[in-house]
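Okay, so here's the structure we're looking at.
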Amino acid sequence: VRIVQLSDTHVSSRGGITQTNLERLIRHINHDLKPDLVVHTGDVIALRPGTTSDWLNAKRLLDLLEASYLVVPGNHDLGQPGPEPWEGLGCKDGYADAFRAVFGDIPWLRILDDDWAAVGVADTIMGSGIEDERLQWAWLEEVIPSITSRYVMLFSHKPVWSPLPDGQWVGQIGFAPEHAERLLQLFRPGQLRVVSNGHLHRYRYQQRGDIVEIWCPATSNAVKGDKPDMPFPAALKQVGVVELRLLDGSVDAYFRSVADVVEMELLTIPEIRDELEEIKRGVAAS
Ligand SMILES: [Fe+2]
Ligand SMILES: [Fe+2]
């Protein structure tokens with residue numbers, strides 16, 4: 001089984017570079033990579049959670065994929081939990097149902113073959129206190145024990161483990177430690193073999209005991225500089241996708257891209273910058 005993971009498409013119904021980059025990478029996926037399945041690990045739309053017009057525009061683009069695809073929502077799809085979400089864009093009841101109406105069920109389980117299953121989790125609602133969070137935990141606690149005969153690949157938006165070298169947890173950068181622990185203890189020892197996320201807009205492959213941890217890069221943009229208070233370890237800061245090839249109990253992962261993508265900081269892309277200005281000015285979604 002071959003899977004292509006893409007992430008952080010940040011596409012807007014205004015068009016622009018994030019859209020042309022996605023179109024170029026979809027052509028590469030269809031013509032060259034030809035996977036059995038595509039998984040999108042969130043931040044489907046530009047910036048503003050719950051914007052159905054942007055989700056529908058993104059779906060129109062993703063439907064160009066010749067393989068079937070599954071989507072995990074990111075913080076820019078369903079909002080951020082907690083009292084101080086970025087630019088006030090918090091999780092709200094109703095966003096998850098609106099997302100499902102466009103992209104299908106979340107969380108999700110896909111049986112891949114006799115040996116492997118994939119699970120997609122909407123981690124951005126963890127800690128929000130909304131009803132969807134309670135329902136998701138109930139689903140995970142029922143479904144994961146039902147697939148103990150298979151190895152599992154887990155797809156989330158944020159990284160399960162702190163991405164910072166000393167393991168510190170800063171703001172909304174990854175799973176809160178209590179949510180990571182609650183999720184990981186649902187798997188039997190040795191069952192979870194791949195944990196792959198988006199959100200960081202970087203590519204990295206790392207072995208953690210039995211588990212391969214992958215950071216999938218963004219298709220939208222490349223990070224240019226790091227903030228001094230977030231000392232990320234070395235990682236590839238390029239626009240691209242990840243190809244995952246299932247092996248006997250493990251995976252091989254490859255960064256894939258094409259030469260004609262445009263690499264810019266997200267908030268300097270004109271359409272994204274304009275939308276951020278509107279959010280800051282309190283302009284309602286169009
Ligand atoms: Fe993102
Ligand atoms: Fe994100």
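If you're wondering about the labels, chains in the structure tokens are A, B, ... by order shown, residues count from 1 in each chain, ligands from 1 in order shown.
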
**Environment of ligand 2 within 8 Å, counting only C-alpha atoms and all ligand atoms, reported as a ChimeraX atom specification** = /A:8,42-43,74-76,157-158,198-200

**Request:** Pick out the residues sitting within 10 Å of Glu213 (chain A), and hand them over as JSON, numbers by chain; count only C-alpha atoms, and ignore anything fewer than 2 positions along from it in its own chain.
**Result:** {"A": [153, 154, 159, 160, 161, 193, 194, 195, 196, 197, 204, 205, 206, 207, 208, 209, 210, 211, 215, 216, 253]}

Go ahead and write the selection's residues with N, CA, C and O atoms as a compact mmCIF listing (two decimals), in the first residue's frame.
# COMPACT_ATOMS: atom_id res chain seq x y z
N MET A 153 -1.28 3.28 11.76
CA MET A 153 -0.69 4.57 11.44
C MET A 153 -1.68 5.62 11.94
O MET A 153 -2.86 5.55 11.61
N LEU A 154 -1.20 6.54 12.73
CA LEU A 154 -2.06 7.58 13.31
C LEU A 154 -1.77 8.91 12.62
O LEU A 154 -0.60 9.32 12.54
N PRO A 159 1.64 17.80 16.23
CA PRO A 159 2.49 16.67 16.65
C PRO A 159 2.07 16.14 18.02
O PRO A 159 1.74 16.92 18.92
N VAL A 160 2.08 14.82 18.15
CA VAL A 160 1.71 14.19 19.43
C VAL A 160 2.76 14.49 20.50
O VAL A 160 2.44 14.75 21.65
N TRP A 161 4.04 14.49 20.09
CA TRP A 161 5.13 14.80 21.03
C TRP A 161 5.61 16.22 20.78
O TRP A 161 5.62 16.69 19.63
N ARG A 193 2.71 2.16 14.95
CA ARG A 193 4.00 2.11 14.25
C ARG A 193 4.34 3.42 13.53
O ARG A 193 5.50 3.66 13.23
N VAL A 194 3.32 4.21 13.21
CA VAL A 194 3.56 5.45 12.48
C VAL A 194 2.68 6.54 13.11
O VAL A 194 1.48 6.31 13.32
N VAL A 195 3.26 7.67 13.42
CA VAL A 195 2.50 8.83 13.90
C VAL A 195 2.91 10.00 13.01
O VAL A 195 4.08 10.37 12.99
N SER A 196 1.96 10.54 12.26
CA SER A 196 2.33 11.55 11.27
C SER A 196 1.41 12.75 11.36
O SER A 196 0.19 12.61 11.40
N ASN A 197 2.00 13.92 11.39
CA ASN A 197 1.24 15.15 11.62
C ASN A 197 1.59 16.21 10.59
O ASN A 197 2.53 16.06 9.81
N ARG A 204 10.16 16.20 8.67
CA ARG A 204 11.17 15.50 9.45
C ARG A 204 10.75 14.05 9.62
O ARG A 204 9.55 13.77 9.76
N TYR A 205 11.72 13.15 9.65
CA TYR A 205 11.49 11.72 9.87
C TYR A 205 12.32 11.34 11.07
O TYR A 205 13.52 11.63 11.13
N GLN A 206 11.68 10.71 12.04
CA GLN A 206 12.41 10.36 13.25
C GLN A 206 11.89 9.03 13.80
O GLN A 206 10.68 8.79 13.85
N GLN A 207 12.80 8.16 14.23
CA GLN A 207 12.41 6.89 14.85
C GLN A 207 12.31 7.08 16.36
O GLN A 207 13.22 7.64 16.98
N ARG A 208 11.16 6.65 16.96
CA ARG A 208 11.00 6.69 18.42
C ARG A 208 10.71 5.26 18.87
O ARG A 208 9.54 4.88 18.95
N GLY A 209 11.72 4.48 19.11
CA GLY A 209 11.50 3.06 19.43
C GLY A 209 10.85 2.37 18.24
O GLY A 209 11.36 2.43 17.13
N ASP A 210 9.67 1.74 18.48
CA ASP A 210 8.94 1.05 17.40
C ASP A 210 8.27 2.02 16.44
O ASP A 210 7.75 1.61 15.41
N ILE A 211 8.17 3.28 16.82
CA ILE A 211 7.31 4.22 16.09
C ILE A 211 8.14 5.14 15.19
O ILE A 211 9.15 5.69 15.61
N TRP A 215 6.85 14.45 10.38
CA TRP A 215 6.24 15.78 10.22
C TRP A 215 6.06 15.97 8.73
O TRP A 215 7.04 15.97 7.97
N CYS A 216 4.83 16.15 8.31
CA CYS A 216 4.55 16.37 6.88
C CYS A 216 4.67 17.87 6.59
O CYS A 216 4.12 18.69 7.32
N ALA A 253 9.42 6.53 4.38
CA ALA A 253 8.81 7.83 4.08
C ALA A 253 9.77 8.63 3.21
O ALA A 253 10.99 8.58 3.41

**Request:** With a distance cut-off of 8 Å and only C-alpha atoms, select the neighbouring residues of Ile130 (chain A), excluding the residue or stretch itself and same-chain residues fewer than 2 positions from it, and output the selection as a ChimeraX atom specification.
**Result:** /A:91-93,125,128,132-134

Going by DSSP on the backbone, which residues of region 174-255 of chain A come out as strand (DSSP E or B)? List them as a PDB file with C-alpha atoms, in the first residue's frame.
ATOM      1  CA  LEU A 192       1.253   1.953  16.898  1.00  0.00           C
ATOM      2  CA  ARG A 193       4.001   2.111  14.255  1.00  0.00           C
ATOM      3  CA  VAL A 194       3.558   5.455  12.484  1.00  0.00           C
ATOM      4  CA  VAL A 195       2.501   8.829  13.900  1.00  0.00           C
ATOM      5  CA  SER A 196       2.331  11.549  11.274  1.00  0.00           C
ATOM      6  CA  ASN A 197       1.239  15.151  11.624  1.00  0.00           C
ATOM      7  CA  TYR A 203       9.412  17.800   7.019  1.00  0.00           C
ATOM      8  CA  ARG A 204      11.171  15.500   9.451  1.00  0.00           C
ATOM      9  CA  TYR A 205      11.490  11.724   9.870  1.00  0.00           C
ATOM     10  CA  GLN A 206      12.408  10.355  13.255  1.00  0.00           C
ATOM     11  CA  GLN A 207      12.406   6.892  14.847  1.00  0.00           C
ATOM     12  CA  ARG A 208      10.995   6.685  18.419  1.00  0.00           C
ATOM     13  CA  ILE A 211       7.312   4.224  16.094  1.00  0.00           C
ATOM     14  CA  VAL A 212       8.220   6.288  13.051  1.00  0.00           C
ATOM     15  CA  GLU A 213       7.286   9.923  13.674  1.00  0.00           C
ATOM     16  CA  ILE A 214       6.822  12.072  10.579  1.00  0.00           C
ATOM     17  CA  TRP A 215       6.237  15.778  10.222  1.00  0.00           C
ATOM     18  CA  LEU A 236      13.408  20.485   5.965  1.00  0.00           C
ATOM     19  CA  VAL A 241       4.229  16.127   0.253  1.00  0.00           C
ATOM     20  CA  VAL A 242       5.236  12.822   1.882  1.00  0.00           C
ATOM     21  CA  GLU A 243       5.050   9.420   0.236  1.00  0.00           C
ATOM     22  CA  LEU A 244       4.605   6.537   2.710  1.00  0.00           C
ATOM     23  CA  ARG A 245       5.281   2.947   1.653  1.00  0.00           C
ATOM     24  CA  LEU A 246       4.010   0.274   4.019  1.00  0.00           C
ATOM     25  CA  VAL A 251       7.113   2.340   6.746  1.00  0.00           C
ATOM     26  CA  ASP A 252       9.498   4.106   4.449  1.00  0.00           C
ATOM     27  CA  ALA A 253       8.814   7.834   4.076  1.00  0.00           C
ATOM     28  CA  TYR A 254      10.024  10.126   1.299  1.00  0.00           C
ATOM     29  CA  PHE A 255       9.763  13.895   0.862  1.00  0.00           C
TER      30      PHE A 255
END

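Between CA of Gly50 (chain A) and CA of His179 (chain A) lies a distance of 23.4 Å.
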
**Message:** Neighbouring residues of Gln136 (chain A) were defined as those with any atom within 9 Å, considering only C-alpha atoms; residues of the same chain fewer than 5 positions away were excluded. Please report them as a PyMOL selection string.
**Reply:** chain A and resi 106-107+121-122+126+131+141

For the residues in the current selection, export N, CA and C atoms as an mmCIF file, in the first residue's frame.
data_model
loop_
_atom_site.group_PDB
_atom_site.id
_atom_site.type_symbol
_atom_site.label_atom_id
_atom_site.label_comp_id
_atom_site.auth_asym_id
_atom_site.auth_seq_id
_atom_site.Cartn_x
_atom_site.Cartn_y
_atom_site.Cartn_z
ATOM 1 N N ILE A 106 -15.200 12.566 10.774
ATOM 2 C CA ILE A 106 -14.013 12.707 11.629
ATOM 3 C C ILE A 106 -14.447 12.363 13.043
ATOM 4 N N PRO A 107 -13.650 11.672 13.824
ATOM 5 C CA PRO A 107 -12.430 10.953 13.443
ATOM 6 C C PRO A 107 -12.766 9.800 12.500
ATOM 7 N N VAL A 121 -7.417 11.559 13.585
ATOM 8 C CA VAL A 121 -7.999 12.158 14.789
ATOM 9 C C VAL A 121 -8.033 13.688 14.664
ATOM 10 N N ALA A 122 -9.161 14.264 15.104
ATOM 11 C CA ALA A 122 -9.330 15.728 15.054
ATOM 12 C C ALA A 122 -8.768 16.326 16.337
ATOM 13 N N MET A 126 -9.283 18.840 20.995
ATOM 14 C CA MET A 126 -8.941 18.325 22.328
ATOM 15 C C MET A 126 -8.651 19.491 23.273
ATOM 16 N N GLU A 131 -18.897 19.426 22.722
ATOM 17 C CA GLU A 131 -19.475 18.087 22.723
ATOM 18 C C GLU A 131 -18.725 17.139 21.777
ATOM 19 N N GLU A 141 -12.010 5.336 22.201
ATOM 20 C CA GLU A 141 -11.931 4.292 23.240
ATOM 21 C C GLU A 141 -12.680 3.032 22.823
#

**Prompt:** With only C-alpha atoms and all ligand atoms as the atoms that count, which of A:Pro217, A:Pro85, A:Pro189, A:Pro228 lies nearest to ligand 1?
**Reply:**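 Closest residue, counting only C-alpha atoms and all ligand atoms: A:Pro217.
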
Give me, as a CSV table (one decimal) with N, CA, C and O atoms, in the first residue's frame, all polymer residues having an atom no more than 12 Å from region 267-281 of chain A, counting only C-alpha atoms and skipping those fewer than 4 positions away in the same chain.
chain,number,residue,atom,x,y,z
A,9,THR,N,-2.7,23.0,3.4
A,9,THR,CA,-2.9,23.5,2.1
A,9,THR,C,-3.2,25.0,2.1
A,9,THR,O,-3.0,25.7,1.2
A,10,HIS,N,-3.9,25.4,3.2
A,10,HIS,CA,-4.2,26.8,3.4
A,10,HIS,C,-4.8,27.5,2.2
A,10,HIS,O,-4.3,28.6,1.8
A,11,VAL,N,-5.7,26.8,1.5
A,11,VAL,CA,-6.3,27.4,0.3
A,11,VAL,C,-7.5,28.3,0.6
A,11,VAL,O,-8.2,28.0,1.5
A,12,SER,N,-7.6,29.3,-0.2
A,12,SER,CA,-8.7,30.3,0.0
A,12,SER,C,-9.5,30.4,-1.2
A,12,SER,O,-8.9,30.2,-2.3
A,13,SER,N,-10.8,30.8,-1.1
A,13,SER,CA,-11.5,31.0,-2.3
A,13,SER,C,-11.1,32.2,-3.1
A,13,SER,O,-11.6,32.5,-4.2
A,14,ARG,N,-10.2,33.0,-2.5
A,14,ARG,CA,-9.6,34.1,-3.2
A,14,ARG,C,-8.5,33.7,-4.2
A,14,ARG,O,-7.9,34.5,-4.9
A,15,GLY,N,-8.1,32.4,-4.2
A,15,GLY,CA,-7.0,31.9,-5.1
A,15,GLY,C,-5.6,32.3,-4.6
A,15,GLY,O,-5.4,32.5,-3.4
A,16,GLY,N,-4.7,32.4,-5.5
A,16,GLY,CA,-3.3,32.8,-5.1
A,16,GLY,C,-2.4,31.6,-5.1
A,16,GLY,O,-2.6,30.5,-5.5
A,17,ILE,N,-1.2,31.9,-4.5
A,17,ILE,CA,-0.1,31.0,-4.5
A,17,ILE,C,-0.4,29.7,-3.8
A,17,ILE,O,0.0,28.6,-4.3
A,18,THR,N,-1.1,29.7,-2.7
A,18,THR,CA,-1.4,28.4,-2.0
A,18,THR,C,-2.2,27.5,-2.9
A,18,THR,O,-2.0,26.3,-2.9
A,19,GLN,N,-3.1,28.1,-3.7
A,19,GLN,CA,-3.9,27.3,-4.6
A,19,GLN,C,-3.0,26.8,-5.8
A,19,GLN,O,-3.1,25.6,-6.1
A,45,ILE,N,-8.0,25.1,4.9
A,45,ILE,CA,-8.3,26.4,4.4
A,45,ILE,C,-7.4,27.5,5.0
A,45,ILE,O,-6.6,27.2,5.9
A,46,ALA,N,-7.4,28.7,4.4
A,46,ALA,CA,-6.4,29.7,4.7
A,46,ALA,C,-6.2,30.0,6.1
A,46,ALA,O,-5.2,29.6,6.7
A,47,LEU,N,-7.2,30.6,6.8
A,47,LEU,CA,-7.0,31.1,8.1
A,47,LEU,C,-8.2,30.9,9.0
A,47,LEU,O,-8.0,30.6,10.2
A,48,ARG,N,-9.4,31.2,8.5
A,48,ARG,CA,-10.6,31.4,9.4
A,48,ARG,C,-11.4,30.1,9.5
A,48,ARG,O,-12.0,29.7,8.6
A,49,PRO,N,-11.4,29.6,10.8
A,49,PRO,CA,-12.1,28.3,11.0
A,49,PRO,C,-13.6,28.4,10.6
A,49,PRO,O,-14.2,29.5,10.7
A,54,ASP,N,-14.7,28.4,1.8
A,54,ASP,CA,-13.3,28.0,1.6
A,54,ASP,C,-13.1,26.5,1.5
A,54,ASP,O,-12.4,25.9,0.8
A,76,HIS,N,-6.9,25.8,11.7
A,76,HIS,CA,-7.5,26.8,10.9
A,76,HIS,C,-8.8,26.2,10.3
A,76,HIS,O,-9.5,27.0,9.5
A,86,TRP,N,-5.5,31.8,18.8
A,86,TRP,CA,-4.9,32.7,17.9
A,86,TRP,C,-5.9,33.6,17.3
A,86,TRP,O,-6.9,33.2,16.7
A,87,GLU,N,-5.7,34.9,17.4
A,87,GLU,CA,-6.6,36.0,16.8
A,87,GLU,C,-8.1,35.7,17.2
A,87,GLU,O,-9.0,36.1,16.5
A,88,GLY,N,-8.3,35.1,18.4
A,88,GLY,CA,-9.6,34.9,18.9
A,88,GLY,C,-10.4,33.8,18.1
A,88,GLY,O,-11.6,33.7,18.3
A,89,LEU,N,-9.7,33.0,17.3
A,89,LEU,CA,-10.4,32.0,16.4
A,89,LEU,C,-10.5,30.7,17.1
A,89,LEU,O,-9.7,29.8,16.9
A,220,SER,N,1.4,24.7,1.1
A,220,SER,CA,1.1,26.1,0.8
A,220,SER,C,2.3,27.0,0.8
A,220,SER,O,2.4,27.9,0.0
A,221,ASN,N,3.3,26.7,1.7
A,221,ASN,CA,4.3,27.7,1.9
A,221,ASN,C,5.5,27.0,2.6
A,221,ASN,O,5.3,25.9,3.2
A,222,ALA,N,6.6,27.7,2.7
A,222,ALA,CA,7.7,27.2,3.4
A,222,ALA,C,8.1,28.3,4.5
A,222,ALA,O,8.0,29.5,4.3
A,223,VAL,N,8.4,27.7,5.7
A,223,VAL,CA,8.9,28.6,6.8
A,223,VAL,C,10.3,29.1,6.4
A,223,VAL,O,11.1,28.4,5.9
A,224,LYS,N,10.5,30.4,6.7
A,224,LYS,CA,11.9,30.9,6.4
A,224,LYS,C,12.7,31.1,7.6
A,224,LYS,O,13.8,30.7,7.7
A,262,VAL,N,6.0,27.6,-5.4
A,262,VAL,CA,6.6,28.9,-4.9
A,262,VAL,C,6.7,28.8,-3.4
A,262,VAL,O,5.8,28.4,-2.7
A,263,GLU,N,7.9,29.2,-2.9
A,263,GLU,CA,8.2,29.1,-1.5
A,263,GLU,C,8.2,30.5,-0.8
A,263,GLU,O,9.1,31.2,-1.0
A,285,ALA,N,-16.7,36.9,7.9
A,285,ALA,CA,-16.4,36.1,6.7
A,285,ALA,C,-17.3,36.4,5.6
A,285,ALA,O,-18.5,36.6,5.8
A,286,SER,N,-16.8,36.3,4.3
A,286,SER,CA,-17.7,36.6,3.2
A,286,SER,C,-18.4,35.3,2.7
A,286,SER,O,-17.9,34.2,3.1

Spatial neighbours of Trp55 (chain A), 8 Å, only C-alpha atoms, chain gap at least 2 places, as a PDB file with all heavy atoms, in the first residue's frame:
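And here is the file that came out, part_5.pdb:
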ATOM      1  N   VAL A  44      -6.772  22.859   6.054  1.00  0.00           N
ATOM      2  CA  VAL A  44      -7.216  22.777   4.662  1.00  0.00           C
ATOM      3  C   VAL A  44      -7.361  24.184   4.100  1.00  0.00           C
ATOM      4  O   VAL A  44      -6.934  24.468   2.982  1.00  0.00           O
ATOM      5  CB  VAL A  44      -8.576  22.039   4.585  1.00  0.00           C
ATOM      6  CG1 VAL A  44      -9.092  22.015   3.154  1.00  0.00           C
ATOM      7  CG2 VAL A  44      -8.455  20.625   5.149  1.00  0.00           C
ATOM      8  N   ILE A  45      -7.951  25.076   4.893  1.00  0.00           N
ATOM      9  CA  ILE A  45      -8.288  26.415   4.395  1.00  0.00           C
ATOM     10  C   ILE A  45      -7.367  27.472   4.985  1.00  0.00           C
ATOM     11  O   ILE A  45      -6.642  27.222   5.945  1.00  0.00           O
ATOM     12  CB  ILE A  45      -9.770  26.762   4.674  1.00  0.00           C
ATOM     13  CG1 ILE A  45     -10.095  26.714   6.168  1.00  0.00           C
ATOM     14  CG2 ILE A  45     -10.656  25.816   3.884  1.00  0.00           C
ATOM     15  CD1 ILE A  45     -11.520  27.142   6.500  1.00  0.00           C
ATOM     16  N   THR A  51     -15.161  28.253   7.708  1.00  0.00           N
ATOM     17  CA  THR A  51     -15.567  28.961   6.487  1.00  0.00           C
ATOM     18  C   THR A  51     -15.929  27.969   5.384  1.00  0.00           C
ATOM     19  O   THR A  51     -15.062  27.448   4.672  1.00  0.00           O
ATOM     20  CB  THR A  51     -14.436  29.896   6.000  1.00  0.00           C
ATOM     21  OG1 THR A  51     -13.996  30.704   7.095  1.00  0.00           O
ATOM     22  CG2 THR A  51     -14.914  30.801   4.867  1.00  0.00           C
ATOM     23  N   THR A  52     -17.230  27.708   5.247  1.00  0.00           N
ATOM     24  CA  THR A  52     -17.671  26.668   4.308  1.00  0.00           C
ATOM     25  C   THR A  52     -17.311  27.010   2.868  1.00  0.00           C
ATOM     26  O   THR A  52     -16.959  26.116   2.089  1.00  0.00           O
ATOM     27  CB  THR A  52     -19.189  26.431   4.463  1.00  0.00           C
ATOM     28  OG1 THR A  52     -19.412  25.928   5.792  1.00  0.00           O
ATOM     29  CG2 THR A  52     -19.690  25.387   3.479  1.00  0.00           C
ATOM     30  N   SER A  53     -17.352  28.301   2.485  1.00  0.00           N
ATOM     31  CA  SER A  53     -16.999  28.648   1.095  1.00  0.00           C
ATOM     32  C   SER A  53     -15.552  28.259   0.795  1.00  0.00           C
ATOM     33  O   SER A  53     -15.233  27.799  -0.305  1.00  0.00           O
ATOM     34  CB  SER A  53     -17.220  30.144   0.840  1.00  0.00           C
ATOM     35  OG  SER A  53     -16.468  30.907   1.766  1.00  0.00           O
ATOM     36  N   ASN A  57     -14.246  25.307  -1.847  1.00  0.00           N
ATOM     37  CA  ASN A  57     -13.202  25.581  -2.832  1.00  0.00           C
ATOM     38  C   ASN A  57     -12.064  24.557  -2.718  1.00  0.00           C
ATOM     39  O   ASN A  57     -11.573  24.022  -3.720  1.00  0.00           O
ATOM     40  CB  ASN A  57     -12.652  26.997  -2.628  1.00  0.00           C
ATOM     41  CG  ASN A  57     -11.474  27.297  -3.534  1.00  0.00           C
ATOM     42  OD1 ASN A  57     -11.613  27.311  -4.752  1.00  0.00           O
ATOM     43  ND2 ASN A  57     -10.305  27.489  -2.950  1.00  0.00           N
ATOM     44  N   ALA A  58     -11.675  24.247  -1.484  1.00  0.00           N
ATOM     45  CA  ALA A  58     -10.610  23.255  -1.255  1.00  0.00           C
ATOM     46  C   ALA A  58     -11.057  21.878  -1.747  1.00  0.00           C
ATOM     47  O   ALA A  58     -10.276  21.143  -2.352  1.00  0.00           O
ATOM     48  CB  ALA A  58     -10.260  23.195   0.228  1.00  0.00           C
ATOM     49  N   LYS A  59     -12.305  21.538  -1.504  1.00  0.00           N
ATOM     50  CA  LYS A  59     -12.811  20.226  -1.954  1.00  0.00           C
ATOM     51  C   LYS A  59     -12.775  20.136  -3.484  1.00  0.00           C
ATOM     52  O   LYS A  59     -12.410  19.093  -4.038  1.00  0.00           O
ATOM     53  CB  LYS A  59     -14.227  19.995  -1.439  1.00  0.00           C
ATOM     54  CG  LYS A  59     -14.771  18.626  -1.839  1.00  0.00           C
ATOM     55  CD  LYS A  59     -16.139  18.359  -1.281  1.00  0.00           C
ATOM     56  CE  LYS A  59     -16.562  16.913  -1.459  1.00  0.00           C
ATOM     57  NZ  LYS A  59     -16.552  16.438  -2.825  1.00  0.00           N
ATOM     58  N   PHE A  99     -17.774  20.705   8.782  1.00  0.00           N
ATOM     59  CA  PHE A  99     -16.598  20.096   8.142  1.00  0.00           C
ATOM     60  C   PHE A  99     -16.959  18.703   7.600  1.00  0.00           C
ATOM     61  O   PHE A  99     -16.612  18.360   6.459  1.00  0.00           O
ATOM     62  CB  PHE A  99     -15.464  20.002   9.169  1.00  0.00           C
ATOM     63  CG  PHE A  99     -14.159  19.490   8.621  1.00  0.00           C
ATOM     64  CD1 PHE A  99     -13.217  20.361   8.109  1.00  0.00           C
ATOM     65  CD2 PHE A  99     -13.870  18.128   8.641  1.00  0.00           C
ATOM     66  CE1 PHE A  99     -12.002  19.891   7.611  1.00  0.00           C
ATOM     67  CE2 PHE A  99     -12.660  17.652   8.151  1.00  0.00           C
ATOM     68  CZ  PHE A  99     -11.729  18.533   7.633  1.00  0.00           C
ATOM     69  N   VAL A 102     -18.711  18.434   4.315  1.00  0.00           N
ATOM     70  CA  VAL A 102     -17.894  18.620   3.109  1.00  0.00           C
ATOM     71  C   VAL A 102     -16.928  17.451   2.908  1.00  0.00           C
ATOM     72  O   VAL A 102     -16.807  16.918   1.811  1.00  0.00           O
ATOM     73  CB  VAL A 102     -17.109  19.952   3.182  1.00  0.00           C
ATOM     74  CG1 VAL A 102     -16.229  20.132   1.942  1.00  0.00           C
ATOM     75  CG2 VAL A 102     -18.062  21.130   3.346  1.00  0.00           C
TER      76      VAL A 102
END

**Asked** Counting only C-alpha atoms, which of A:Gly190, A:Asn21, A:Gln172, A:Leu64 gets nearest to Met264 (chain A)?
**Response**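 Smallest separation from Met264 (chain A) among the options: A:Asn21.
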
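Taking CA of Arg27 (chain A) and CA of Val258 (chain A) as the two end points, the separation is 9.7 Å.
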
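Using only C-alpha atoms and all ligand atoms for every distance, the candidate list A:Pro233, A:Gly167, A:Pro35, A:Pro73 yields A:Pro73 as the residue closest to ligand 1.
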